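J.: One structure coming up, written as structure tokens, with questions to follow.
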Amino acid sequence: MTDAHETAADSSLRTTGGAPPDDDGSSATEAPIPLLEPREGIPPVIADESALARMIAAFKAGSGPVAVDAERASGYRYGQRAYLVQLRRQGAGSALIDPVACPDLSALGEALSGAEWVLHAATQDLPCLREIGMVPTRLFDTELAGRLAGFPRVGLGAMVEGVLGFVLEKGHSAVDWSTRPLPEPWLRYAALDVELLVDLRDALEKELDRQGKLEWARQEFDAIASAPPPEPRKDPWRRTSGMHKVRRRRQLAVVRELWQTRDRIAQRRDVSPGKVLGDAAIVEAALAVPANVHALAALNGFGHRMSKRQLEQWQAAVDRAKGLSEAQLPQPGQPVTGPPPPRAWADKDPVAAARLSAARAGVSALAEQLTMPQENLITPDTVRRVCWEPPAVVDAESVAAALAGYGARPWQVELVTPVLVEALSAKEA
């Protein structure tokens with residue numbers, strides 16, 4: 001039994017509510033304190049090279065981990081670029097950088113390359129940080145740490161309140177961060193987001209260590225930091241909301257043409273695609289396949305305040321889809337590279353379905369014992385793949401090799417291998 005097993009088995013040490021227990025097993029009950037102002041006030045927004053150079057020197061001379069956050073304009077602008085970058089480090093204080101005015105932050109990334117970066121939900125911010133030259137070599141993800149430690153709520157506000165006893169004001173999380181100049185209340189909110197991030201990191205490190213999970217977390221953080229940029233999504237138009245209603249190939253072609261036209265317009269205007277044309281309108285047009293502009297204008301999402309020129313460009317996209325040959329039409333489903341959907345297993349391979357059921361039950365029981373989400377113990381896709389095509393000889397060595405081949409970290413392989421060996425062996429017998 002690992003230290004984490006022992007900790008999880010001791011009910012007096014289990015996390016309840018939103019905070020790690022005190023050393024005596026009790027949880028803090030004091031009322032949380034509103035965090036209203038950054039310690040040194042709201043820092044000025046860095047928007048020129050000379051100010052950036054001074055800030056880089058200060059942060060390079062600082063010590064300890066660096067709290068990092070980024071604000072995007074999702075729902076307002078095209079893409080996921082950063083419109084504000086926030087940092088804090090001991091000895092340097094906090095900094096707010098305008099990456100529109102300073103689009104190349106590679107010098108900052110290099111200056112901080114040896115430091116540990118502290119982010120909350122790192123995989124959300126790393127793509128936009130990478131675009132401006134900021135790539136960590138080491139990181140600590142406070143959201144992932146909270147998941148591994150068994151916290152029931154892992155949003156930044158909930159974690160800061162439950163762990164540190166402070167309340168963060170979260171009213172500006174969904175605003176248009178491309179706005180210039182940024183209002184003072186937004187800047188205050190942004191600065192406060194990194195104010196206690198290192199404090200939160202330190203508290204979570206202690207809690208993970210207490211539970212025997214710190215090495216597991218370090219392996220997860222290393223995997224995130226070393227992961228290559230994700231491949232571009234194949235056929236992104238298939239993710240249009242409401243696609244389940246679209247059955248025929250010609251209708252699928254209408255979705256594709258409208259989606260691609262919308263994407264080009266949104267990119268050119270630098271606005272969110274949803275502000276150009278809603279997904280519901282695209283699906284509506286695909287189902288109707290309108291014969292002309294007049295028929296298109298009668299559909300939901302097209303007639304209201306849409307100019308004749310706009311209607312004509314959308315009808316042109318529909319007409320392009322209508323003019324495609326049968327061979328040019330998209331296929332109903334995307335090519336399947338892995339196992340079929342679990343709901344189809346019972347018909348396709350009942351034995352594999354039984355293996356999957358046993359494996360899921362075992363993984364669920366282990367995750368509950370360790371007080372962490374099942375998907376953090378091992379990804380459901382990995383479990384499905386091993387159960388669909390198990391090793392020819394099921395033993396600890398072969399199952400461990402299969403898990404590692406699908407990207408499981410060493411701590412996951414160690415914990416999950418016995419569970420899957422048991423599930424696969426029972427169903428092979």
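Labels used: A, B, ... for chains in the order of the structure tokens, numbers from 1 for residues in each chain, and numbers from 1 for ligands as shown.
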Env of region 56-70 of chain A: 9 Å cut, atoms = only C-alpha atoms, seq-sep filter 3 positions within chain, self excluded. Answer as a PyMOL selection string.

T.: chain A and resi 51-53+82-94+107-108+111-112+115-120+122+125-126+128-129+139-140+190+193-198

J.: Those residues with N, CA, C and O atoms, as a compact mmCIF listing (two decimals), in the first residue's frame please?

T.:
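Writing done, so here's again18.txt:
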```txt
# COMPACT_ATOMS: atom_id res chain seq x y z
N ALA A 51 10.04 49.59 -21.07
CA ALA A 51 9.40 49.12 -19.83
C ALA A 51 9.49 47.60 -19.73
O ALA A 51 9.69 47.04 -18.64
N LEU A 52 9.35 46.93 -20.87
CA LEU A 52 9.45 45.47 -20.88
C LEU A 52 10.85 45.02 -20.48
O LEU A 52 11.01 44.07 -19.70
N ALA A 53 11.85 45.70 -20.99
CA ALA A 53 13.24 45.33 -20.66
C ALA A 53 13.50 45.48 -19.16
O ALA A 53 14.16 44.64 -18.54
N ALA A 82 -3.43 35.79 -26.59
CA ALA A 82 -3.42 36.46 -25.29
C ALA A 82 -3.54 37.97 -25.49
O ALA A 82 -2.91 38.54 -26.38
N TYR A 83 -4.37 38.60 -24.66
CA TYR A 83 -4.51 40.05 -24.69
C TYR A 83 -4.00 40.71 -23.42
O TYR A 83 -3.95 41.93 -23.33
N LEU A 84 -3.62 39.93 -22.44
CA LEU A 84 -2.97 40.43 -21.24
C LEU A 84 -2.23 39.27 -20.61
O LEU A 84 -2.74 38.15 -20.56
N VAL A 85 -1.01 39.52 -20.16
CA VAL A 85 -0.22 38.51 -19.46
C VAL A 85 0.12 39.05 -18.08
O VAL A 85 0.60 40.20 -17.96
N GLN A 86 -0.14 38.26 -17.05
CA GLN A 86 0.13 38.66 -15.68
C GLN A 86 1.20 37.75 -15.08
O GLN A 86 1.16 36.54 -15.28
N LEU A 87 2.11 38.34 -14.33
CA LEU A 87 3.16 37.58 -13.67
C LEU A 87 3.42 38.14 -12.27
O LEU A 87 3.16 39.32 -12.00
N ARG A 88 3.93 37.27 -11.41
CA ARG A 88 4.35 37.71 -10.08
C ARG A 88 5.50 36.81 -9.62
O ARG A 88 5.45 35.59 -9.82
N ARG A 89 6.51 37.44 -9.01
CA ARG A 89 7.64 36.68 -8.48
C ARG A 89 8.22 37.40 -7.27
O ARG A 89 8.22 38.64 -7.22
N GLN A 90 8.66 36.62 -6.31
CA GLN A 90 9.27 37.22 -5.12
C GLN A 90 10.47 38.07 -5.52
O GLN A 90 11.32 37.65 -6.29
N GLY A 91 10.53 39.27 -4.99
CA GLY A 91 11.62 40.19 -5.31
C GLY A 91 11.35 41.07 -6.50
O GLY A 91 12.08 42.03 -6.75
N ALA A 92 10.30 40.75 -7.27
CA ALA A 92 9.98 41.54 -8.47
C ALA A 92 8.57 42.11 -8.40
O ALA A 92 8.25 43.04 -9.13
N GLY A 93 7.72 41.56 -7.55
CA GLY A 93 6.34 42.02 -7.47
C GLY A 93 5.52 41.48 -8.62
O GLY A 93 5.83 40.44 -9.20
N SER A 94 4.46 42.20 -8.97
CA SER A 94 3.56 41.79 -10.06
C SER A 94 3.79 42.63 -11.30
O SER A 94 4.27 43.77 -11.21
N ALA A 107 12.14 37.03 -25.03
CA ALA A 107 13.22 37.40 -24.10
C ALA A 107 12.79 37.16 -22.66
O ALA A 107 13.59 36.73 -21.82
N LEU A 108 11.53 37.43 -22.36
CA LEU A 108 11.00 37.15 -21.02
C LEU A 108 10.97 35.65 -20.77
O LEU A 108 11.34 35.17 -19.70
N ALA A 111 14.42 34.52 -20.01
CA ALA A 111 14.88 34.97 -18.70
C ALA A 111 14.31 34.12 -17.57
O ALA A 111 14.93 33.96 -16.53
N LEU A 112 13.13 33.56 -17.81
CA LEU A 112 12.47 32.76 -16.78
C LEU A 112 12.57 31.26 -17.06
O LEU A 112 11.90 30.47 -16.39
N ALA A 115 13.23 28.90 -14.14
CA ALA A 115 12.32 28.98 -12.99
C ALA A 115 11.12 28.05 -13.19
O ALA A 115 10.78 27.69 -14.30
N GLU A 116 10.50 27.70 -12.07
CA GLU A 116 9.25 26.95 -12.14
C GLU A 116 8.11 27.95 -12.36
O GLU A 116 7.99 28.92 -11.61
N TRP A 117 7.28 27.69 -13.36
CA TRP A 117 6.12 28.55 -13.63
C TRP A 117 4.91 27.95 -12.94
O TRP A 117 4.65 26.74 -13.04
N VAL A 118 4.15 28.78 -12.28
CA VAL A 118 2.94 28.34 -11.59
C VAL A 118 1.74 28.86 -12.37
O VAL A 118 1.57 30.07 -12.52
N LEU A 119 0.94 27.95 -12.89
CA LEU A 119 -0.25 28.31 -13.64
C LEU A 119 -1.44 27.55 -13.08
O LEU A 119 -1.28 26.48 -12.48
N HIS A 120 -2.62 28.08 -13.30
CA HIS A 120 -3.85 27.38 -12.94
C HIS A 120 -4.53 26.92 -14.22
O HIS A 120 -4.84 27.75 -15.09
N ALA A 122 -3.03 24.88 -16.64
CA ALA A 122 -1.93 25.27 -17.54
C ALA A 122 -2.23 25.02 -19.00
O ALA A 122 -1.87 25.83 -19.86
N ASP A 125 -3.74 27.97 -20.95
CA ASP A 125 -2.96 29.17 -21.22
C ASP A 125 -1.69 28.91 -22.04
O ASP A 125 -1.19 29.81 -22.72
N LEU A 126 -1.15 27.70 -21.99
CA LEU A 126 0.13 27.45 -22.65
C LEU A 126 0.09 27.70 -24.16
O LEU A 126 1.06 28.25 -24.70
N CYS A 128 -1.57 29.99 -25.96
CA CYS A 128 -1.47 31.42 -26.27
C CYS A 128 -0.15 32.01 -25.76
O CYS A 128 0.37 32.96 -26.35
N LEU A 129 0.41 31.45 -24.70
CA LEU A 129 1.72 31.90 -24.24
C LEU A 129 2.81 31.47 -25.22
O LEU A 129 3.76 32.23 -25.50
N LEU A 139 6.93 23.44 -14.58
CA LEU A 139 5.72 24.13 -14.16
C LEU A 139 5.04 23.39 -13.01
O LEU A 139 5.33 22.22 -12.73
N PHE A 140 4.14 24.11 -12.36
CA PHE A 140 3.29 23.57 -11.31
C PHE A 140 1.88 24.04 -11.63
O PHE A 140 1.63 25.24 -11.70
N ALA A 190 -7.16 41.19 -12.79
CA ALA A 190 -6.08 40.44 -13.43
C ALA A 190 -4.87 40.32 -12.51
O ALA A 190 -4.25 39.26 -12.41
N ASP A 193 -5.35 37.78 -9.77
CA ASP A 193 -5.31 36.39 -10.19
C ASP A 193 -3.95 35.74 -9.95
O ASP A 193 -3.86 34.52 -9.81
N VAL A 194 -2.87 36.54 -9.95
CA VAL A 194 -1.54 35.97 -9.68
C VAL A 194 -1.03 36.34 -8.29
O VAL A 194 0.05 35.91 -7.89
N GLU A 195 -1.81 37.10 -7.54
CA GLU A 195 -1.39 37.60 -6.23
C GLU A 195 -1.04 36.46 -5.27
O GLU A 195 -0.04 36.52 -4.54
N LEU A 196 -1.86 35.43 -5.25
CA LEU A 196 -1.69 34.34 -4.28
C LEU A 196 -1.38 33.00 -4.94
O LEU A 196 -1.44 31.96 -4.28
N LEU A 197 -1.03 33.02 -6.21
CA LEU A 197 -0.83 31.77 -6.94
C LEU A 197 0.35 30.97 -6.39
O LEU A 197 0.28 29.73 -6.25
N VAL A 198 1.44 31.63 -6.05
CA VAL A 198 2.60 30.93 -5.48
C VAL A 198 2.28 30.43 -4.07
O VAL A 198 2.68 29.33 -3.69
```

J.: Which of region 73-269 of chain A counts as alpha helix (DSSP H) under DSSP, as number ranges by chain please?

T.: A: 106-111, 122-131, 142-149, 156-159, 184-195, 197-211, 214-226, 249-269

J.: Just how far from CA of Thr379 (chain A) is CA of Ala401 (chain A), in Å to one decimal?

T.: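 If I compute the distance from CA of Ala401 (chain A) to CA of Thr379 (chain A), I get 15.7 Å.
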
J.: Residues at most 10 Å from Val416 (chain A), counting only C-alpha atoms, excluding those fewer than 3 positions away in the same chain, as a PDB file with N, CA and C atoms, in the first residue's frame?

T.:
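Saved as selection01.pdb:
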```
ATOM      1  N   ALA A 359     -12.840  -3.538 -16.083  1.00  0.00           N
ATOM      2  CA  ALA A 359     -11.758  -2.564 -15.930  1.00  0.00           C
ATOM      3  C   ALA A 359     -12.276  -1.239 -15.390  1.00  0.00           C
ATOM      4  N   GLY A 362     -12.938  -1.520 -11.709  1.00  0.00           N
ATOM      5  CA  GLY A 362     -11.701  -1.532 -10.934  1.00  0.00           C
ATOM      6  C   GLY A 362     -11.048  -0.168 -10.846  1.00  0.00           C
ATOM      7  N   VAL A 363     -11.008   0.541 -11.970  1.00  0.00           N
ATOM      8  CA  VAL A 363     -10.418   1.884 -11.982  1.00  0.00           C
ATOM      9  C   VAL A 363     -11.240   2.834 -11.115  1.00  0.00           C
ATOM     10  N   LEU A 366     -10.477   2.179  -7.447  1.00  0.00           N
ATOM     11  CA  LEU A 366      -9.150   2.667  -7.070  1.00  0.00           C
ATOM     12  C   LEU A 366      -9.137   4.189  -6.986  1.00  0.00           C
ATOM     13  N   ALA A 367      -9.783   4.859  -7.946  1.00  0.00           N
ATOM     14  CA  ALA A 367      -9.831   6.322  -7.927  1.00  0.00           C
ATOM     15  C   ALA A 367     -10.545   6.820  -6.680  1.00  0.00           C
ATOM     16  N   LEU A 377      -6.505   9.533 -12.800  1.00  0.00           N
ATOM     17  CA  LEU A 377      -5.807   8.287 -12.491  1.00  0.00           C
ATOM     18  C   LEU A 377      -5.329   7.618 -13.768  1.00  0.00           C
ATOM     19  N   ILE A 378      -6.208   7.558 -14.773  1.00  0.00           N
ATOM     20  CA  ILE A 378      -5.862   7.036 -16.093  1.00  0.00           C
ATOM     21  C   ILE A 378      -6.930   7.518 -17.061  1.00  0.00           C
ATOM     22  N   VAL A 383      -7.855   3.159 -21.157  1.00  0.00           N
ATOM     23  CA  VAL A 383      -8.518   1.946 -20.672  1.00  0.00           C
ATOM     24  C   VAL A 383      -9.250   1.250 -21.821  1.00  0.00           C
ATOM     25  N   VAL A 399       0.890  -5.611 -19.701  1.00  0.00           N
ATOM     26  CA  VAL A 399      -0.092  -4.554 -19.483  1.00  0.00           C
ATOM     27  C   VAL A 399       0.609  -3.234 -19.174  1.00  0.00           C
ATOM     28  N   ALA A 400       1.671  -3.299 -18.387  1.00  0.00           N
ATOM     29  CA  ALA A 400       2.439  -2.079 -18.079  1.00  0.00           C
ATOM     30  C   ALA A 400       3.030  -1.492 -19.353  1.00  0.00           C
ATOM     31  N   LEU A 403       0.210   0.234 -21.317  1.00  0.00           N
ATOM     32  CA  LEU A 403      -0.155   1.524 -20.721  1.00  0.00           C
ATOM     33  C   LEU A 403       0.890   2.586 -21.044  1.00  0.00           C
ATOM     34  N   ALA A 408       0.739   6.677 -20.607  1.00  0.00           N
ATOM     35  CA  ALA A 408       0.546   6.734 -19.152  1.00  0.00           C
ATOM     36  C   ALA A 408       1.870   7.012 -18.470  1.00  0.00           C
ATOM     37  N   PRO A 410       4.660   6.882 -15.305  1.00  0.00           N
ATOM     38  CA  PRO A 410       5.088   5.748 -14.458  1.00  0.00           C
ATOM     39  C   PRO A 410       4.206   5.526 -13.237  1.00  0.00           C
ATOM     40  N   TRP A 411       3.761   6.609 -12.572  1.00  0.00           N
ATOM     41  CA  TRP A 411       2.927   6.415 -11.374  1.00  0.00           C
ATOM     42  C   TRP A 411       1.581   5.794 -11.745  1.00  0.00           C
ATOM     43  N   GLN A 412       1.056   6.171 -12.910  1.00  0.00           N
ATOM     44  CA  GLN A 412      -0.204   5.599 -13.355  1.00  0.00           C
ATOM     45  C   GLN A 412      -0.033   4.119 -13.720  1.00  0.00           C
ATOM     46  N   VAL A 413       1.065   3.829 -14.412  1.00  0.00           N
ATOM     47  CA  VAL A 413       1.341   2.439 -14.785  1.00  0.00           C
ATOM     48  C   VAL A 413       1.433   1.564 -13.531  1.00  0.00           C
ATOM     49  N   VAL A 419      -4.865  -3.509 -11.522  1.00  0.00           N
ATOM     50  CA  VAL A 419      -6.312  -3.461 -11.736  1.00  0.00           C
ATOM     51  C   VAL A 419      -6.670  -4.024 -13.103  1.00  0.00           C
ATOM     52  N   LEU A 420      -5.922  -3.613 -14.128  1.00  0.00           N
ATOM     53  CA  LEU A 420      -6.240  -4.085 -15.478  1.00  0.00           C
ATOM     54  C   LEU A 420      -5.845  -5.541 -15.682  1.00  0.00           C
ATOM     55  N   VAL A 421      -4.762  -5.985 -15.064  1.00  0.00           N
ATOM     56  CA  VAL A 421      -4.388  -7.406 -15.168  1.00  0.00           C
ATOM     57  C   VAL A 421      -5.514  -8.269 -14.614  1.00  0.00           C
TER      58      VAL A 421
END
```

J.: Would you mind telling me which residue in A:Met372, A:Ala423, A:Leu329, A:Ala217 lies nearest to Pro152 (chain A) when using only C-alpha atoms?

T.: A:Met372

J.: Would you pick out the contacts of Gly338 (chain A) at 12 Å or less, using only C-alpha atoms, so that residues sharing its chain but fewer than 2 positions from it are not included, and give the list as an MDAnalysis selection string?

T.: chainID A and resid 334:336 340:342 381:389 406

J.: Can I get the selection written as a PDB file, in the first residue's frame, with N, CA, C and O atoms?

T.:
```
ATOM      1  N   GLN A 334     -16.410  10.660 -39.127  1.00  0.00           N
ATOM      2  CA  GLN A 334     -14.970  10.788 -39.225  1.00  0.00           C
ATOM      3  C   GLN A 334     -14.330   9.403 -39.153  1.00  0.00           C
ATOM      4  O   GLN A 334     -14.855   8.498 -38.502  1.00  0.00           O
ATOM      5  N   PRO A 335     -13.175   9.228 -39.804  1.00  0.00           N
ATOM      6  CA  PRO A 335     -12.484   7.937 -39.714  1.00  0.00           C
ATOM      7  C   PRO A 335     -12.159   7.595 -38.257  1.00  0.00           C
ATOM      8  O   PRO A 335     -11.676   8.439 -37.509  1.00  0.00           O
ATOM      9  N   VAL A 336     -12.451   6.377 -37.882  1.00  0.00           N
ATOM     10  CA  VAL A 336     -12.195   5.938 -36.504  1.00  0.00           C
ATOM     11  C   VAL A 336     -10.798   5.358 -36.428  1.00  0.00           C
ATOM     12  O   VAL A 336     -10.459   4.414 -37.149  1.00  0.00           O
ATOM     13  N   PRO A 340     -14.172   1.316 -31.273  1.00  0.00           N
ATOM     14  CA  PRO A 340     -15.493   1.899 -31.536  1.00  0.00           C
ATOM     15  C   PRO A 340     -16.078   2.486 -30.257  1.00  0.00           C
ATOM     16  O   PRO A 340     -15.561   2.238 -29.157  1.00  0.00           O
ATOM     17  N   PRO A 341     -17.151   3.255 -30.355  1.00  0.00           N
ATOM     18  CA  PRO A 341     -17.793   3.791 -29.148  1.00  0.00           C
ATOM     19  C   PRO A 341     -18.196   2.651 -28.208  1.00  0.00           C
ATOM     20  O   PRO A 341     -18.667   1.606 -28.679  1.00  0.00           O
ATOM     21  N   PRO A 342     -18.020   2.826 -26.899  1.00  0.00           N
ATOM     22  CA  PRO A 342     -18.338   1.742 -25.952  1.00  0.00           C
ATOM     23  C   PRO A 342     -19.741   1.179 -26.085  1.00  0.00           C
ATOM     24  O   PRO A 342     -19.952  -0.020 -25.844  1.00  0.00           O
ATOM     25  N   ASP A 381      -9.754   6.815 -22.486  1.00  0.00           N
ATOM     26  CA  ASP A 381      -9.354   6.328 -23.806  1.00  0.00           C
ATOM     27  C   ASP A 381      -8.287   5.242 -23.691  1.00  0.00           C
ATOM     28  O   ASP A 381      -8.309   4.249 -24.430  1.00  0.00           O
ATOM     29  N   THR A 382      -7.350   5.413 -22.755  1.00  0.00           N
ATOM     30  CA  THR A 382      -6.308   4.400 -22.555  1.00  0.00           C
ATOM     31  C   THR A 382      -6.917   3.088 -22.093  1.00  0.00           C
ATOM     32  O   THR A 382      -6.555   2.008 -22.590  1.00  0.00           O
ATOM     33  N   VAL A 383      -7.855   3.159 -21.157  1.00  0.00           N
ATOM     34  CA  VAL A 383      -8.518   1.946 -20.672  1.00  0.00           C
ATOM     35  C   VAL A 383      -9.250   1.250 -21.821  1.00  0.00           C
ATOM     36  O   VAL A 383      -9.174   0.024 -21.979  1.00  0.00           O
ATOM     37  N   ARG A 384      -9.955   2.026 -22.642  1.00  0.00           N
ATOM     38  CA  ARG A 384     -10.687   1.438 -23.768  1.00  0.00           C
ATOM     39  C   ARG A 384      -9.746   0.731 -24.737  1.00  0.00           C
ATOM     40  O   ARG A 384     -10.034  -0.374 -25.211  1.00  0.00           O
ATOM     41  N   ARG A 385      -8.637   1.378 -25.054  1.00  0.00           N
ATOM     42  CA  ARG A 385      -7.708   0.797 -26.027  1.00  0.00           C
ATOM     43  C   ARG A 385      -7.108  -0.513 -25.525  1.00  0.00           C
ATOM     44  O   ARG A 385      -6.968  -1.483 -26.284  1.00  0.00           O
ATOM     45  N   VAL A 386      -6.724  -0.539 -24.250  1.00  0.00           N
ATOM     46  CA  VAL A 386      -6.147  -1.766 -23.696  1.00  0.00           C
ATOM     47  C   VAL A 386      -7.185  -2.874 -23.645  1.00  0.00           C
ATOM     48  O   VAL A 386      -6.883  -4.041 -23.916  1.00  0.00           O
ATOM     49  N   CYS A 387      -8.426  -2.531 -23.335  1.00  0.00           N
ATOM     50  CA  CYS A 387      -9.483  -3.546 -23.253  1.00  0.00           C
ATOM     51  C   CYS A 387      -9.925  -4.038 -24.624  1.00  0.00           C
ATOM     52  O   CYS A 387     -10.333  -5.185 -24.775  1.00  0.00           O
ATOM     53  N   TRP A 388      -9.872  -3.168 -25.621  1.00  0.00           N
ATOM     54  CA  TRP A 388     -10.292  -3.570 -26.968  1.00  0.00           C
ATOM     55  C   TRP A 388      -9.250  -4.488 -27.612  1.00  0.00           C
ATOM     56  O   TRP A 388      -9.603  -5.479 -28.265  1.00  0.00           O
ATOM     57  N   GLU A 389      -7.980  -4.161 -27.428  1.00  0.00           N
ATOM     58  CA  GLU A 389      -6.897  -4.990 -27.969  1.00  0.00           C
ATOM     59  C   GLU A 389      -5.903  -5.295 -26.852  1.00  0.00           C
ATOM     60  O   GLU A 389      -4.829  -4.680 -26.776  1.00  0.00           O
ATOM     61  N   TYR A 406       0.674   3.966 -24.506  1.00  0.00           N
ATOM     62  CA  TYR A 406      -0.406   4.930 -24.730  1.00  0.00           C
ATOM     63  C   TYR A 406      -0.178   6.240 -23.972  1.00  0.00           C
ATOM     64  O   TYR A 406      -1.064   7.095 -23.938  1.00  0.00           O
TER      65      TYR A 406
END
```

J.: Closest to Glu205 (chain A) among A:Arg218, A:Arg233, A:Arg250, A:Arg188, using only C-alpha atoms?

T.: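 Going through A:Arg218, A:Arg233, A:Arg250, A:Arg188 one by one, the smallest distance to Glu205 (chain A) is for A:Arg218.
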
J.: Taking into account only C-alpha atoms, which residue in the set A:Ile33, A:Met134, A:Ala344, A:Ala281 is nearest to His304 (chain A)?

T.: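 With only C-alpha atoms as the atom set, the closest residue is A:Ala281.
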
J.: When you count only C-alpha atoms, which of these residues is closest to Val167 (chain A): A:Pro32, A:Pro330, A:Gly407, A:Pro103?

T.: A:Pro32

J.: Compare A:Ala352, A:Leu424, A:Ala223, A:Val255 by their minimum atom-to-atom distance to Thr137 (chain A), counting only C-alpha atoms, and give me the closest one.

T.: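 Closest to Thr137 (chain A), using only C-alpha atoms: A:Ala223.
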
J.: Counting only C-alpha atoms, which residue out of A:Arg138, A:Arg248, A:Lys308, A:Arg238 sits closest to Ala288 (chain A)?

T.: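 Answer, going by the shortest atom-to-atom distance: A:Arg248.
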
J.: Quick one: residues within 9 Å of Leu299 (chain A), only C-alpha atoms, excluding same-chain residues fewer than 2 positions away - as a PyMOL selection string?

T.: chain A and resi 281+284-285+288+290+295-297+301-303

J.: Create the file for the chosen residues now, containing C-alpha atoms and written as a PDB file, in the first residue's frame.

T.:
```pdb
ATOM      1  CA  ALA A 281     -28.116  29.059 -38.468  1.00  0.00           C
ATOM      2  CA  GLU A 284     -30.760  25.287 -40.216  1.00  0.00           C
ATOM      3  CA  ALA A 285     -29.450  26.050 -43.705  1.00  0.00           C
ATOM      4  CA  ALA A 288     -33.201  23.133 -45.607  1.00  0.00           C
ATOM      5  CA  PRO A 290     -32.376  26.626 -49.662  1.00  0.00           C
ATOM      6  CA  ALA A 295     -35.577  30.963 -49.213  1.00  0.00           C
ATOM      7  CA  LEU A 296     -32.400  31.472 -47.159  1.00  0.00           C
ATOM      8  CA  ALA A 297     -33.696  34.750 -45.707  1.00  0.00           C
ATOM      9  CA  GLY A 301     -30.541  33.243 -38.156  1.00  0.00           C
ATOM     10  CA  PHE A 302     -30.489  34.762 -41.652  1.00  0.00           C
ATOM     11  CA  GLY A 303     -33.371  37.167 -42.132  1.00  0.00           C
TER      12      GLY A 303
END
```

J.: Within 9 Å of Val160 (chain A), counting only C-alpha atoms, which residues qualify if same-chain residues fewer than 4 places away don't, as a PDB file with N, CA, C and O atoms, in the first residue's frame?

T.:
```pdb
ATOM      1  N   ALA A  19     -10.968  22.714   1.491  1.00  0.00           N
ATOM      2  CA  ALA A  19      -9.630  23.009   1.976  1.00  0.00           C
ATOM      3  C   ALA A  19      -8.975  21.769   2.539  1.00  0.00           C
ATOM      4  O   ALA A  19      -9.633  20.867   3.034  1.00  0.00           O
ATOM      5  N   GLY A 155     -11.690  25.249  -9.314  1.00  0.00           N
ATOM      6  CA  GLY A 155     -11.546  26.571  -9.914  1.00  0.00           C
ATOM      7  C   GLY A 155     -10.619  27.421  -9.063  1.00  0.00           C
ATOM      8  O   GLY A 155     -10.486  27.199  -7.847  1.00  0.00           O
ATOM      9  N   LEU A 156      -9.986  28.419  -9.660  1.00  0.00           N
ATOM     10  CA  LEU A 156      -9.021  29.226  -8.914  1.00  0.00           C
ATOM     11  C   LEU A 156      -9.661  29.881  -7.702  1.00  0.00           C
ATOM     12  O   LEU A 156      -9.100  29.868  -6.597  1.00  0.00           O
ATOM     13  N   LEU A 164      -6.488  28.904   1.127  1.00  0.00           N
ATOM     14  CA  LEU A 164      -5.812  30.056   1.741  1.00  0.00           C
ATOM     15  C   LEU A 164      -6.740  30.951   2.541  1.00  0.00           C
ATOM     16  O   LEU A 164      -6.274  31.808   3.293  1.00  0.00           O
ATOM     17  N   GLY A 165      -8.054  30.793   2.362  1.00  0.00           N
ATOM     18  CA  GLY A 165      -8.989  31.582   3.150  1.00  0.00           C
ATOM     19  C   GLY A 165      -9.249  32.976   2.620  1.00  0.00           C
ATOM     20  O   GLY A 165      -9.677  33.857   3.376  1.00  0.00           O
ATOM     21  N   PHE A 166      -9.005  33.207   1.320  1.00  0.00           N
ATOM     22  CA  PHE A 166      -9.263  34.509   0.710  1.00  0.00           C
ATOM     23  C   PHE A 166     -10.285  34.358  -0.415  1.00  0.00           C
ATOM     24  O   PHE A 166     -10.339  33.330  -1.086  1.00  0.00           O
ATOM     25  N   VAL A 167     -11.083  35.389  -0.625  1.00  0.00           N
ATOM     26  CA  VAL A 167     -12.088  35.387  -1.686  1.00  0.00           C
ATOM     27  C   VAL A 167     -11.610  36.265  -2.831  1.00  0.00           C
ATOM     28  O   VAL A 167     -11.326  37.455  -2.632  1.00  0.00           O
ATOM     29  N   LEU A 168     -11.505  35.688  -4.027  1.00  0.00           N
ATOM     30  CA  LEU A 168     -11.144  36.451  -5.217  1.00  0.00           C
ATOM     31  C   LEU A 168     -12.405  36.921  -5.917  1.00  0.00           C
ATOM     32  O   LEU A 168     -13.377  36.174  -6.038  1.00  0.00           O
ATOM     33  N   LEU A 196      -1.862  35.430  -5.251  1.00  0.00           N
ATOM     34  CA  LEU A 196      -1.691  34.345  -4.275  1.00  0.00           C
ATOM     35  C   LEU A 196      -1.380  33.002  -4.937  1.00  0.00           C
ATOM     36  O   LEU A 196      -1.442  31.962  -4.276  1.00  0.00           O
ATOM     37  N   LEU A 197      -1.033  33.020  -6.215  1.00  0.00           N
ATOM     38  CA  LEU A 197      -0.833  31.767  -6.937  1.00  0.00           C
ATOM     39  C   LEU A 197       0.349  30.967  -6.387  1.00  0.00           C
ATOM     40  O   LEU A 197       0.278  29.735  -6.254  1.00  0.00           O
ATOM     41  N   LEU A 200      -0.647  29.499  -3.085  1.00  0.00           N
ATOM     42  CA  LEU A 200      -1.490  28.339  -3.317  1.00  0.00           C
ATOM     43  C   LEU A 200      -0.646  27.139  -3.718  1.00  0.00           C
ATOM     44  O   LEU A 200      -0.861  26.021  -3.237  1.00  0.00           O
TER      45      LEU A 200
END
```

J.: Using only C-alpha atoms, determine which residues lie at most 9 Å from Glu257 (chain A), disregarding the query and same-chain residues fewer than 2 positions distant; provide the list as a PyMOL selection string.

T.: chain A and resi 237+252-255+259-262+314+317-318+320-321

J.: Which distance in Å separates CA of Asp222 (chain A) and CA of Thr417 (chain A), to one decimal?

T.: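 So the answer is 21.4 Å.
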